[in-house]
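Source file: start-v5.cif (mmCIF, C-alpha atoms)
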```cif
data_structure
#
loop_
_atom_site.label_atom_id
_atom_site.label_comp_id
_atom_site.auth_asym_id
_atom_site.auth_seq_id
_atom_site.Cartn_x
_atom_site.Cartn_y
_atom_site.Cartn_z
CA MET A 2 233.20 3.67 -65.80
CA ALA A 3 231.30 2.66 -62.72
CA VAL A 4 227.60 3.30 -62.60
CA LEU A 5 226.37 4.76 -59.28
CA THR A 6 223.14 3.33 -58.05
CA PRO A 7 220.94 5.28 -55.51
CA PRO A 8 220.79 3.88 -51.99
CA PRO A 9 217.70 1.94 -51.16
CA SER A 10 214.97 4.19 -49.75
CA ALA A 11 213.53 3.54 -46.30
CA PRO A 12 210.22 1.79 -46.30
CA ALA A 13 207.24 4.16 -45.99
CA PRO A 14 205.33 3.96 -42.69
CA PRO A 15 202.02 2.24 -42.89
CA ASP A 16 199.08 4.49 -43.58
CA THR A 17 197.11 5.42 -40.42
CA PRO A 18 193.38 5.28 -40.83
CA SER A 19 191.85 8.76 -41.05
CA PRO A 20 188.84 9.51 -38.87
CA PRO A 21 185.51 9.24 -40.62
CA ALA A 22 184.08 12.41 -42.06
CA GLY A 23 182.00 14.41 -39.56
CA ALA A 24 183.42 12.62 -36.53
CA GLU A 25 184.69 15.87 -35.07
CA GLU A 26 181.28 17.45 -35.44
CA THR A 27 179.38 14.62 -33.82
CA ALA A 28 181.70 13.97 -30.94
CA GLU A 29 180.47 15.67 -27.76
CA PRO A 30 183.04 17.31 -25.54
CA LYS A 31 183.38 15.80 -22.16
CA GLU A 32 181.83 17.88 -19.40
CA PRO A 33 184.25 18.88 -16.69
CA ALA A 34 183.85 16.91 -13.54
CA GLY A 35 183.27 20.06 -11.51
CA ARG A 36 180.13 20.96 -13.45
CA ARG A 37 178.40 17.63 -13.24
CA GLY A 38 177.13 18.37 -9.74
CA ALA A 39 175.84 21.82 -10.75
CA GLN A 40 172.87 20.43 -12.65
CA ARG A 41 169.45 21.27 -11.20
CA ALA A 42 167.87 18.67 -9.07
CA PRO A 43 164.55 17.26 -10.24
CA VAL A 44 161.46 19.14 -9.17
CA ARG A 45 159.91 17.90 -5.95
CA PRO A 46 156.13 18.25 -5.76
CA GLY A 47 156.29 19.03 -2.04
CA LEU A 48 158.67 21.95 -2.51
CA ALA A 49 156.64 23.32 -5.42
CA LEU A 50 153.47 23.12 -3.33
CA ALA A 51 155.14 24.86 -0.38
CA GLY A 52 156.46 27.60 -2.65
CA ALA A 53 153.03 28.13 -4.18
CA ALA A 54 151.46 28.35 -0.72
CA LEU A 55 154.02 30.96 0.37
CA CYS A 56 153.34 32.97 -2.79
CA VAL A 57 149.59 32.85 -2.11
CA LEU A 58 150.06 33.95 1.52
CA ALA A 59 152.37 36.81 0.58
CA ALA A 60 150.06 38.01 -2.21
CA VAL A 61 147.01 37.97 0.09
CA LEU A 62 148.75 39.78 2.97
CA LEU A 63 150.15 42.45 0.67
CA GLY A 64 146.74 42.75 -0.99
CA PHE A 65 145.08 43.33 2.38
CA ALA A 66 147.55 46.04 3.28
CA ALA A 67 147.09 47.71 -0.12
CA ASN A 68 143.29 47.47 -0.17
CA LEU A 69 142.88 48.98 3.28
CA THR A 70 145.28 51.84 2.51
CA VAL A 71 146.45 53.15 -0.87
CA VAL A 72 144.53 50.97 -3.33
CA GLY A 73 141.31 51.18 -1.30
CA HIS A 74 141.45 54.97 -1.18
CA LEU A 75 142.07 55.12 -4.94
CA GLN A 76 139.13 52.80 -5.57
CA HIS A 77 136.92 54.94 -3.33
CA ALA A 78 137.93 58.11 -5.18
CA ARG A 79 137.19 56.52 -8.55
CA ASP A 80 133.82 55.14 -7.45
CA GLN A 81 132.86 58.51 -6.00
CA GLN A 82 133.63 60.27 -9.27
CA VAL A 83 131.57 57.78 -11.26
CA ALA A 84 128.65 58.00 -8.78
CA TYR A 85 128.79 61.80 -8.76
CA ASP A 86 128.57 61.97 -12.55
CA GLU A 87 125.64 59.55 -12.53
CA LEU A 88 123.76 61.40 -9.78
CA ARG A 89 124.31 64.79 -11.39
CA LYS A 90 122.94 63.44 -14.67
CA GLN A 91 119.87 62.03 -12.92
CA LEU A 92 119.25 65.28 -11.05
CA ALA A 93 119.46 67.25 -14.29
CA GLU A 94 117.05 64.87 -16.04
CA GLY A 95 114.68 64.63 -13.06
CA THR A 96 115.13 60.86 -12.78
CA ALA A 97 116.95 60.70 -9.43
CA PRO A 98 115.30 58.21 -7.02
CA VAL A 99 112.89 59.57 -4.39
CA GLY A 100 111.93 56.23 -2.86
CA PRO A 101 112.88 52.55 -2.70
CA LEU A 102 111.96 52.00 -6.37
CA ASP A 103 113.44 53.37 -9.57
CA ASN A 104 111.54 54.84 -12.51
CA ASP A 105 110.82 51.35 -13.88
CA GLY A 106 109.20 50.24 -10.63
CA LYS A 107 112.10 47.98 -9.69
CA GLU A 108 113.89 47.97 -6.37
CA LEU A 109 116.97 50.20 -6.36
CA ALA A 110 120.17 48.26 -6.96
CA LEU A 111 122.77 48.10 -4.21
CA GLY A 112 125.17 51.00 -4.61
CA ALA A 113 122.86 53.13 -6.75
CA PRO A 114 123.48 56.85 -5.97
CA VAL A 115 120.60 58.41 -4.01
CA ALA A 116 121.96 61.60 -2.40
CA LEU A 117 124.90 63.99 -2.17
CA LEU A 118 126.12 64.47 1.41
CA ASP A 119 127.87 67.67 2.47
CA ILE A 120 129.24 68.34 5.97
CA PRO A 121 131.13 71.67 5.80
CA ALA A 122 132.41 71.44 9.39
CA LEU A 123 134.31 68.22 8.57
CA GLY A 124 135.08 68.83 4.91
CA VAL A 125 132.97 65.83 3.87
CA HIS A 126 131.56 65.81 0.35
CA GLU A 127 130.39 62.32 -0.60
CA VAL A 128 127.84 60.59 -2.80
CA VAL A 129 125.56 58.29 -0.81
CA GLY A 130 124.74 54.89 -2.31
CA GLU A 131 121.75 52.67 -1.67
CA GLY A 132 122.45 49.92 0.87
CA THR A 133 124.87 49.47 3.75
CA THR A 134 126.66 46.20 2.99
CA SER A 135 130.42 46.07 3.27
CA GLY A 136 130.75 46.10 -0.51
CA VAL A 137 128.59 49.22 -0.91
CA LEU A 138 130.50 51.11 1.79
CA MET A 139 133.76 50.50 -0.08
CA SER A 140 132.55 53.15 -2.55
CA GLY A 141 131.33 55.65 0.04
CA PRO A 142 128.58 56.20 2.62
CA GLY A 143 125.43 54.10 2.25
CA HIS A 144 121.74 54.70 2.96
CA ARG A 145 120.06 52.04 5.07
CA ARG A 146 117.32 50.71 2.81
CA ASP A 147 114.62 50.21 5.46
CA THR A 148 114.65 53.91 6.43
CA ALA A 149 113.32 57.06 4.79
CA LEU A 150 115.36 58.97 2.25
CA PRO A 151 116.90 62.26 3.44
CA GLY A 152 114.40 65.11 3.54
CA GLN A 153 111.37 62.89 4.13
CA SER A 154 109.47 62.26 7.34
CA GLY A 155 110.99 59.68 9.64
CA THR A 156 114.64 58.92 10.37
CA ALA A 157 117.07 58.55 7.49
CA VAL A 158 120.11 56.44 8.44
CA ILE A 159 123.44 56.79 6.63
CA MET A 160 126.49 54.66 7.45
CA GLY A 161 130.14 55.25 6.50
CA ARG A 162 133.55 53.74 7.12
CA GLN A 163 135.85 55.01 9.81
CA TRP A 164 139.27 54.14 8.31
CA GLY A 165 139.23 52.03 5.15
CA TYR A 166 138.27 53.02 1.60
CA GLY A 167 138.44 56.77 1.81
CA SER A 168 137.55 56.90 5.54
CA PRO A 169 134.68 59.38 4.93
CA PHE A 170 133.48 59.33 8.57
CA SER A 171 136.88 59.20 10.30
CA ARG A 172 136.26 62.55 12.04
CA LEU A 173 132.58 62.14 12.72
CA ASP A 174 133.17 62.22 16.49
CA ARG A 175 134.50 65.79 16.14
CA ILE A 176 131.38 67.26 14.59
CA PRO A 177 130.20 70.26 16.65
CA ASP A 178 126.70 70.72 17.98
CA ASN A 179 124.35 72.71 15.74
CA ALA A 180 126.56 71.98 12.73
CA THR A 181 124.77 71.93 9.38
CA ILE A 182 124.46 68.77 7.30
CA THR A 183 123.14 69.10 3.74
CA LEU A 184 121.84 66.35 1.49
CA MET A 185 120.79 66.84 -2.12
CA THR A 186 118.25 64.32 -3.42
CA GLY A 187 115.77 64.04 -6.24
CA GLN A 188 113.36 66.12 -4.12
CA GLY A 189 115.77 69.01 -3.60
CA LYS A 190 118.06 70.16 -0.79
CA ALA A 191 117.49 68.94 2.76
CA GLU A 192 119.30 70.66 5.64
CA TYR A 193 119.79 69.15 9.09
CA ARG A 194 121.06 70.58 12.37
CA VAL A 195 123.22 68.34 14.57
CA THR A 196 121.65 67.76 18.00
CA GLY A 197 124.18 65.41 19.60
CA ILE A 198 126.51 62.42 19.48
CA ARG A 199 125.64 59.00 20.88
CA ARG A 200 127.85 56.08 21.81
CA ALA A 201 127.03 52.61 23.04
CA GLY A 202 124.71 52.78 26.05
CA ASP A 203 123.55 56.35 25.51
CA ALA A 204 119.82 57.06 25.56
CA LEU A 205 117.89 57.66 22.36
CA PRO A 206 117.21 61.31 21.51
CA THR A 207 113.79 62.74 22.25
CA PRO A 208 112.18 64.21 19.10
CA SER A 209 111.21 67.85 19.54
CA GLY A 210 108.61 67.80 16.76
CA GLY A 211 105.63 65.69 15.79
CA GLN A 212 105.29 62.45 13.89
CA ASN A 213 106.02 64.08 10.55
CA GLN A 214 109.36 65.49 11.57
CA GLY A 215 112.43 64.51 9.56
CA ARG A 216 115.55 63.24 11.31
CA LEU A 217 118.95 62.00 10.30
CA THR A 218 121.39 59.56 11.93
CA LEU A 219 124.97 59.16 10.74
CA ILE A 220 126.67 55.96 11.89
CA THR A 221 130.31 54.86 11.93
CA ALA A 222 132.64 52.75 14.09
CA THR A 223 134.63 53.64 17.18
CA GLY A 224 137.95 52.25 18.35
CA ALA A 225 141.56 52.11 17.19
CA PRO A 226 142.38 52.18 13.46
CA TYR A 227 141.10 49.09 11.63
CA THR A 228 139.92 47.51 14.91
CA PRO A 229 136.32 48.71 15.43
CA SER A 230 135.00 48.18 18.93
CA GLY A 231 131.66 49.98 18.93
CA VAL A 232 129.24 52.24 17.08
CA LEU A 233 129.10 56.04 17.03
CA ARG A 234 125.89 57.85 16.06
CA VAL A 235 125.33 61.50 15.20
CA ASP A 236 121.73 62.72 15.41
CA ALA A 237 120.33 65.67 13.50
CA GLU A 238 116.96 67.30 12.92
CA LEU A 239 115.52 68.49 9.61
CA THR A 240 115.28 72.27 9.36
CA THR A 241 113.85 72.50 5.85
CA PRO A 242 110.27 71.54 4.87
CA VAL A 243 109.50 67.82 4.96
CA GLN A 244 109.20 66.24 1.53
CA PRO A 245 106.46 63.74 0.67
CA SER A 246 107.33 60.08 1.15
CA PRO A 247 106.29 57.51 -1.46
CA PRO A 248 104.56 54.39 -0.12
CA ARG A 249 106.84 51.57 1.04
CA GLU A 250 105.89 47.96 0.50
CA ARG A 251 108.24 46.67 3.17
CA ARG A 252 108.19 47.57 6.82
CA ALA A 253 111.19 48.69 8.85
CA GLY A 254 113.71 46.01 9.76
CA TRP A 255 113.34 43.86 6.64
CA ILE A 256 117.01 44.16 5.65
CA GLY A 257 119.41 41.28 6.22
CA SER A 258 122.16 41.11 8.82
CA ALA A 259 124.80 42.08 6.23
CA GLU A 260 123.37 45.64 6.18
CA GLU A 261 123.43 46.17 9.93
CA ALA A 262 126.19 48.07 11.69
CA LEU A 263 129.54 46.24 12.13
CA LYS A 264 128.43 43.23 10.07
CA GLY A 265 130.22 41.50 7.21
CA ASP A 266 128.80 40.30 3.92
CA GLY A 267 128.60 36.49 3.95
CA ALA A 268 127.76 36.44 0.23
CA ALA A 269 131.42 37.24 -0.49
CA TRP A 270 132.58 33.70 0.39
CA LEU A 271 132.02 32.45 -3.16
CA ALA A 272 134.16 35.24 -4.64
CA VAL A 273 136.88 34.55 -2.06
CA PHE A 274 136.90 30.84 -2.97
CA LEU A 275 137.08 31.42 -6.73
CA TRP A 276 139.77 34.11 -6.58
CA THR A 277 141.83 32.00 -4.17
CA GLN A 278 141.73 29.08 -6.59
CA ALA A 279 142.94 31.32 -9.42
CA LEU A 280 145.73 32.70 -7.24
CA PHE A 281 146.87 29.23 -6.15
CA LEU A 282 146.97 27.95 -9.74
CA ALA A 283 148.98 30.99 -10.81
CA ALA A 284 151.43 30.38 -7.94
CA LEU A 285 151.86 26.72 -8.96
CA LEU A 286 152.50 27.78 -12.54
CA ALA A 287 155.08 30.31 -11.35
CA ALA A 288 156.87 27.64 -9.29
CA TRP A 289 157.00 25.32 -12.30
CA ALA A 290 158.20 28.09 -14.63
CA HIS A 291 160.96 28.99 -12.17
CA ARG A 292 162.43 25.50 -12.61
CA VAL A 293 162.16 25.11 -16.37
CA TRP A 294 162.34 28.68 -17.64
CA GLY A 295 164.52 30.75 -15.35
CA ARG A 296 164.39 32.92 -12.30
CA TRP A 297 164.24 36.43 -13.74
CA GLN A 298 161.96 35.59 -16.64
CA THR A 299 159.51 33.98 -14.25
CA TRP A 300 159.49 36.82 -11.74
CA ILE A 301 159.06 39.48 -14.42
CA CYS A 302 155.96 37.73 -15.76
CA ALA A 303 154.56 36.25 -12.53
CA VAL A 304 154.76 39.18 -10.11
CA PRO A 305 152.14 41.37 -11.89
CA VAL A 306 149.76 38.42 -12.23
CA LEU A 307 150.16 37.39 -8.58
CA ALA A 308 149.75 41.01 -7.44
CA VAL A 309 146.48 41.48 -9.34
CA LEU A 310 145.06 38.16 -8.09
CA GLY A 311 146.20 38.95 -4.54
CA LEU A 312 144.35 42.27 -4.66
CA ALA A 313 141.24 40.51 -5.97
CA VAL A 314 141.32 37.90 -3.18
CA SER A 315 141.87 40.48 -0.47
CA ALA A 316 139.16 42.78 -1.86
CA ALA A 317 136.66 39.92 -1.75
CA ALA A 318 137.81 38.92 1.74
CA THR A 319 137.49 42.53 2.95
CA ARG A 320 133.77 42.31 2.30
CA LEU A 321 133.64 39.69 5.07
CA LEU A 322 134.96 42.22 7.58
CA PRO A 323 132.76 44.73 9.47
CA ASN A 324 131.19 47.23 7.08
CA LEU A 325 132.14 50.25 9.21
CA LEU A 326 135.86 49.37 9.41
#
```

Could you spell out this file's structure in structure tokens?
Amino acid sequence: MAVLTPPPSAPAPPDTPSPPAGAEETAEPKEPAGRRGAQRAPVRPGLALAGAALCVLAAVLLGFAANLTVVGHLQHARDQQVAYDELRKQLAEGTAPVGPLDNDGKELALGAPVALLDIPALGVHEVVGEGTTSGVLMSGPGHRRDTALPGQSGTAVIMGRQWGYGSPFSRLDRIPDNATITLMTGQGKAEYRVTGIRRAGDALPTPSGGQNQGRLTLITATGAPYTPSGVLRVDAELTTPVQPSPPRERRAGWIGSAEEALKGDGAAWLAVFLWTQALFLAALLAAWAHRVWGRWQTWICAVPVLAVLGLAVSAAATRLLPNLL
């Protein structure tokens, strides 16, 4: 009986080396050729600087427009409410100022409330602050510090803006003759009767009373909106009894040029410089964040900061403009 033997088996193929463990995880996929050119170019200092400068310019221009319109009127309304509450408290306590010094014998601070002005014919109801610088007139009309307070002998001078920051004296040229002007001070109510309106070149009014007569002059600008070209004055005579005037240590005319009509406040240059530096640094930071962080994230965080700093720069720069604007 023949014994069947199995056919010889085919030789096994040589073992192929297996990839080392973790090779699949560590191998980086090749980037498609079309995406290699889509990478962001390196930041150029010149472009970042130009972008920051454009951001600064835009923030300042928008801040100017806002300060001279909506934001300025809101600031004026807020400052008037605060000043009214303070003056009403002082009148109730009998501590309202009646001269150039406060109850502690110190010179009144710029912007301190001194009177409540009421012109029924124009619908004006404003708190008058001490001083006539551009910064003081942002909050409302201001009393020229080298003149008498309303109700006292002599001429009390009050200035107010024509267009910006509440525009309290925008219709002053429409006040009728013989209109009544009332001012409430620490010495009581003083009433004046309008005697006329003066523009540049007009003669000074001739007082009808003696040396102890009280007079009032309201001053604002003339010209197109936000472009003052001259000064408008409204003269009035006191019709209520003259109140006693405390002694004044300084003679008339001692105030600086910043408190004269149509003058700017040169002391605001330091604030303009500091706020501009802060705005420029914020703009540079926004340009850098736009490259390394992302467009939308940067704009969401940077726009409010740039807007606030732009308003601050423009508010400081507005103090350099004419105070009756």

Applied to the shown file, which residues does the PyMOL selection byres ((chain A and resi 125) around 12) return, written as a ChimeraX atom specification?
/A:117-124,126-129,141-142,161,167-173,176,181-184

Write out the residues from the selection above, keeping C-alpha atoms, as a compact mmCIF listing (two decimals), in the coordinates of the input.
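What follows is the written file selection_14.txt:
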```txt
# COMPACT_ATOMS: atom_id res chain seq x y z
CA LEU A 117 124.90 63.99 -2.17
CA LEU A 118 126.12 64.47 1.41
CA ASP A 119 127.87 67.67 2.47
CA ILE A 120 129.24 68.34 5.97
CA PRO A 121 131.13 71.67 5.80
CA ALA A 122 132.41 71.44 9.39
CA LEU A 123 134.31 68.22 8.57
CA GLY A 124 135.08 68.83 4.91
CA HIS A 126 131.56 65.81 0.35
CA GLU A 127 130.39 62.32 -0.60
CA VAL A 128 127.84 60.59 -2.80
CA VAL A 129 125.56 58.29 -0.81
CA GLY A 141 131.33 55.65 0.04
CA PRO A 142 128.58 56.20 2.62
CA GLY A 161 130.14 55.25 6.50
CA GLY A 167 138.44 56.77 1.81
CA SER A 168 137.55 56.90 5.54
CA PRO A 169 134.68 59.38 4.93
CA PHE A 170 133.48 59.33 8.57
CA SER A 171 136.88 59.20 10.30
CA ARG A 172 136.26 62.55 12.04
CA LEU A 173 132.58 62.14 12.72
CA ILE A 176 131.38 67.26 14.59
CA THR A 181 124.77 71.93 9.38
CA ILE A 182 124.46 68.77 7.30
CA THR A 183 123.14 69.10 3.74
CA LEU A 184 121.84 66.35 1.49
```

For A:Leu271, which residue out of A:Pro245, A:Val314, A:Gly231, A:Leu92 is the nearest one, using all atoms listed in the file?
A:Val314

Expand the PyMOL selection byres ((chain A and resi 275-286) around 7) into the individual residues it matches in the shown file, reporting them as a list in words.
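Applied to this file, the PyMOL selection byres ((chain A and resi 275-286) around 7) selects Ala49, Leu50, Ala53, Cys56, Val57, Leu271, Ala272, Val273, Phe274, Ala287, Ala288, Trp289, Ala290, Leu307, Leu310, Gly311, Ala313 and Val314 of chain A.
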
Please save C-alpha atoms of the selected residues as a PDB file, in the coordinates of the input.
```
ATOM      1  CA  ALA A  49     156.640  23.320  -5.420  1.00  0.00           C
ATOM      2  CA  LEU A  50     153.470  23.120  -3.330  1.00  0.00           C
ATOM      3  CA  ALA A  53     153.030  28.130  -4.180  1.00  0.00           C
ATOM      4  CA  CYS A  56     153.340  32.970  -2.790  1.00  0.00           C
ATOM      5  CA  VAL A  57     149.590  32.850  -2.110  1.00  0.00           C
ATOM      6  CA  LEU A 271     132.020  32.450  -3.160  1.00  0.00           C
ATOM      7  CA  ALA A 272     134.160  35.240  -4.640  1.00  0.00           C
ATOM      8  CA  VAL A 273     136.880  34.550  -2.060  1.00  0.00           C
ATOM      9  CA  PHE A 274     136.900  30.840  -2.970  1.00  0.00           C
ATOM     10  CA  ALA A 287     155.080  30.310 -11.350  1.00  0.00           C
ATOM     11  CA  ALA A 288     156.870  27.640  -9.290  1.00  0.00           C
ATOM     12  CA  TRP A 289     157.000  25.320 -12.300  1.00  0.00           C
ATOM     13  CA  ALA A 290     158.200  28.090 -14.630  1.00  0.00           C
ATOM     14  CA  LEU A 307     150.160  37.390  -8.580  1.00  0.00           C
ATOM     15  CA  LEU A 310     145.060  38.160  -8.090  1.00  0.00           C
ATOM     16  CA  GLY A 311     146.200  38.950  -4.540  1.00  0.00           C
ATOM     17  CA  ALA A 313     141.240  40.510  -5.970  1.00  0.00           C
ATOM     18  CA  VAL A 314     141.320  37.900  -3.180  1.00  0.00           C
TER      19      VAL A 314
END
```

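Atom CA of A:Leu263 is found 19.1 Å from atom CA of A:Leu217.
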
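Going from atom CA of A:Trp294 to atom CA of A:Val306 covers 16.8 Å.
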
Length of the atom CA of A:Gly224 to atom CA of A:Leu325 vector [Å]:
11.0 Å

Kindly indicate which residue among A:Ala97, A:Ala180, A:Leu321, A:Leu233 lies nearest to A:Tyr85, using only C-alpha atoms for the distances.
A:Ala97

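Closest to A:Arg216 among A:Ser230, A:Thr148, A:Ser258, A:Gln163 is A:Thr148, based on all atoms listed in the file.
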
A:Glu108 proximity check over A:Glu250, A:Asn68, A:Glu87, A:Gly152, using all atoms listed in the file: winner is A:Glu250

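Residue nearest A:Leu63, chosen from A:Gly100, A:Val158, A:Leu322, A:Ser315 and counting only C-alpha atoms: A:Ser315.
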
Counting all atoms listed in the file, the residue of A:Asp174, A:Glu94, A:Asp80, A:Asp147 that sits nearest A:Ala113
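Selected residue with least distance to A:Ala113: A:Asp80.
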
Mind checking which residues fall within 9 Å of A:Met139, counting all atoms listed in the file, ignoring those fewer than 6 positions away in the same chain, and posting them as a CSV table (one decimal) with C-alpha atoms, in the frame of the given file?
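This is the output file selection-v6.csv:
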```csv
chain,number,residue,atom,x,y,z
A,73,GLY,CA,141.3,51.2,-1.3
A,74,HIS,CA,141.4,55.0,-1.2
A,76,GLN,CA,139.1,52.8,-5.6
A,77,HIS,CA,136.9,54.9,-3.3
A,80,ASP,CA,133.8,55.1,-7.4
A,161,GLY,CA,130.1,55.2,6.5
A,162,ARG,CA,133.6,53.7,7.1
A,165,GLY,CA,139.2,52.0,5.2
A,166,TYR,CA,138.3,53.0,1.6
A,167,GLY,CA,138.4,56.8,1.8
A,320,ARG,CA,133.8,42.3,2.3
A,324,ASN,CA,131.2,47.2,7.1
```

Taking the file above as input, evaluate the PyMOL selection byres ((chain A and resi 159) around 6) and report the hits as a short mmCIF file (atom, residue, chain, number, x, y, z; two decimals) with C-alpha atoms, in the frame of the given file.
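Contents of result.cif, as written:
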```cif
data_model
loop_
_atom_site.label_atom_id
_atom_site.label_comp_id
_atom_site.auth_asym_id
_atom_site.auth_seq_id
_atom_site.Cartn_x
_atom_site.Cartn_y
_atom_site.Cartn_z
CA GLY A 143 125.43 54.10 2.25
CA HIS A 144 121.74 54.70 2.96
CA VAL A 158 120.11 56.44 8.44
CA MET A 160 126.49 54.66 7.45
CA LEU A 219 124.97 59.16 10.74
#
```

Please list as an NGL selection string every residue within 9 Å of A:Ala191, counting only C-alpha atoms and excluding residues in the same chain fewer than 3 positions away.
:A and (151-153 or 182-186 or 188 or 239-244)
